[in-house]
Amino acid sequence: MRHVLFVLFLPSAAFADPTLECWDASSQVEIGSCVRQAEARVDKAVEASYGLAMRAAKELDGVTERLVAQPALEAAQDAWLAYRDAQCEAVGASFGGGSGTGIAITACRVDLGRARVDQLLGYAN
């Protein structure tokens, strides 16, 4: 959990391009591995921030005595996951099946995941 919190609080400028974070990789295989590791960290951060946002939504629903915020957040998360997957597949398709396709798809998922963490933390506050 400590690593997830570390990722949550890094400045977003440090994450301009996930592939550039793999500057010391010497091959596409190493870049792909590095970017997949970044994706795993971002996925954990999305899960953690979603949990925080969901707690805030449940609290709001309790205060208002209406079950609105929690189902809305669940629907938004489901829609975001579908969007992320479709968008990143479109990014990958723009590579025409070339050797960088997988890296591009994964980097896209990292970028969108980082943005989602910011959105979810906004809901949690």
# chains A, B, ... in the order shown; residues from 1 in each chain; ligands from 1

call {"tool": "residues_around", "arguments": {"residues": "Thr19 in chain A", "least_positions_apart": "3", "cutoff": "12 Å", "atoms": "only C-alpha atoms", "output": "ChimeraX atom specification"}}
result
/A:14-16,22-25,27-39,100,102-111

call {"tool": "residues_around", "arguments": {"residues": "Glu74 in chain A", "least_positions_apart": "5", "cutoff": "10 Å", "atoms": "only C-alpha atoms", "output": "list of chain:residue names"}}
result
A:Tyr50, A:Met54, A:Ala57, A:Ala69, A:Ala79, A:Trp80

call {"tool": "write_last_selection", "arguments": {"atoms": "all heavy atoms", "output": "PDB file, in the first residue's frame"}}
result
ATOM      1  N   TYR A  50     -10.166   4.779  -6.256  1.00  0.00           N
ATOM      2  CA  TYR A  50     -11.580   4.424  -6.411  1.00  0.00           C
ATOM      3  C   TYR A  50     -12.176   4.057  -5.044  1.00  0.00           C
ATOM      4  O   TYR A  50     -13.299   4.452  -4.724  1.00  0.00           O
ATOM      5  CB  TYR A  50     -11.741   3.273  -7.405  1.00  0.00           C
ATOM      6  CG  TYR A  50     -13.163   2.817  -7.595  1.00  0.00           C
ATOM      7  CD1 TYR A  50     -14.103   3.640  -8.218  1.00  0.00           C
ATOM      8  CD2 TYR A  50     -13.577   1.560  -7.177  1.00  0.00           C
ATOM      9  CE1 TYR A  50     -15.413   3.222  -8.403  1.00  0.00           C
ATOM     10  CE2 TYR A  50     -14.884   1.136  -7.359  1.00  0.00           C
ATOM     11  CZ  TYR A  50     -15.791   1.970  -7.975  1.00  0.00           C
ATOM     12  OH  TYR A  50     -17.090   1.560  -8.151  1.00  0.00           O
ATOM     13  N   MET A  54     -15.219   5.920  -3.394  1.00  0.00           N
ATOM     14  CA  MET A  54     -16.420   5.156  -3.048  1.00  0.00           C
ATOM     15  C   MET A  54     -16.799   5.377  -1.584  1.00  0.00           C
ATOM     16  O   MET A  54     -17.978   5.526  -1.255  1.00  0.00           O
ATOM     17  CB  MET A  54     -16.206   3.668  -3.332  1.00  0.00           C
ATOM     18  CG  MET A  54     -17.453   2.837  -3.155  1.00  0.00           C
ATOM     19  SD  MET A  54     -18.900   3.389  -4.114  1.00  0.00           S
ATOM     20  CE  MET A  54     -18.383   2.958  -5.761  1.00  0.00           C
ATOM     21  N   ALA A  57     -18.496   8.627  -1.472  1.00  0.00           N
ATOM     22  CA  ALA A  57     -19.838   8.526  -2.061  1.00  0.00           C
ATOM     23  C   ALA A  57     -20.811   7.872  -1.079  1.00  0.00           C
ATOM     24  O   ALA A  57     -21.953   8.327  -0.926  1.00  0.00           O
ATOM     25  CB  ALA A  57     -19.779   7.734  -3.367  1.00  0.00           C
ATOM     26  N   ALA A  69     -25.048   8.794  -5.044  1.00  0.00           N
ATOM     27  CA  ALA A  69     -23.627   8.997  -5.344  1.00  0.00           C
ATOM     28  C   ALA A  69     -22.902   7.686  -5.619  1.00  0.00           C
ATOM     29  O   ALA A  69     -22.112   7.589  -6.559  1.00  0.00           O
ATOM     30  CB  ALA A  69     -22.950   9.754  -4.202  1.00  0.00           C
ATOM     31  N   ALA A  79     -17.945   2.887 -17.072  1.00  0.00           N
ATOM     32  CA  ALA A  79     -17.849   3.586 -18.355  1.00  0.00           C
ATOM     33  C   ALA A  79     -16.408   4.008 -18.642  1.00  0.00           C
ATOM     34  O   ALA A  79     -15.944   3.919 -19.784  1.00  0.00           O
ATOM     35  CB  ALA A  79     -18.777   4.804 -18.362  1.00  0.00           C
ATOM     36  N   TRP A  80     -15.703   4.458 -17.611  1.00  0.00           N
ATOM     37  CA  TRP A  80     -14.311   4.856 -17.807  1.00  0.00           C
ATOM     38  C   TRP A  80     -13.462   3.663 -18.236  1.00  0.00           C
ATOM     39  O   TRP A  80     -12.629   3.783 -19.134  1.00  0.00           O
ATOM     40  CB  TRP A  80     -13.726   5.487 -16.538  1.00  0.00           C
ATOM     41  CG  TRP A  80     -12.286   5.816 -16.730  1.00  0.00           C
ATOM     42  CD1 TRP A  80     -11.778   6.921 -17.360  1.00  0.00           C
ATOM     43  CD2 TRP A  80     -11.157   5.014 -16.353  1.00  0.00           C
ATOM     44  NE1 TRP A  80     -10.399   6.835 -17.397  1.00  0.00           N
ATOM     45  CE2 TRP A  80     -10.004   5.679 -16.787  1.00  0.00           C
ATOM     46  CE3 TRP A  80     -11.032   3.795 -15.701  1.00  0.00           C
ATOM     47  CZ2 TRP A  80      -8.726   5.173 -16.577  1.00  0.00           C
ATOM     48  CZ3 TRP A  80      -9.763   3.279 -15.488  1.00  0.00           C
ATOM     49  CH2 TRP A  80      -8.627   3.972 -15.930  1.00  0.00           C
TER      50      TRP A  80
END

call {"tool": "closest_residue", "arguments": {"among": "A:Leu81, A:Val63, A:Leu121, A:Ala75", "to": "Ala48 in chain A", "atoms": "only C-alpha atoms"}}
result
A:Leu121

call {"tool": "closest_residue", "arguments": {"among": "A:Cys88, A:Ala93, A:Val42, A:Leu52", "to": "Leu73 in chain A", "atoms": "only C-alpha atoms"}}
result
A:Leu52
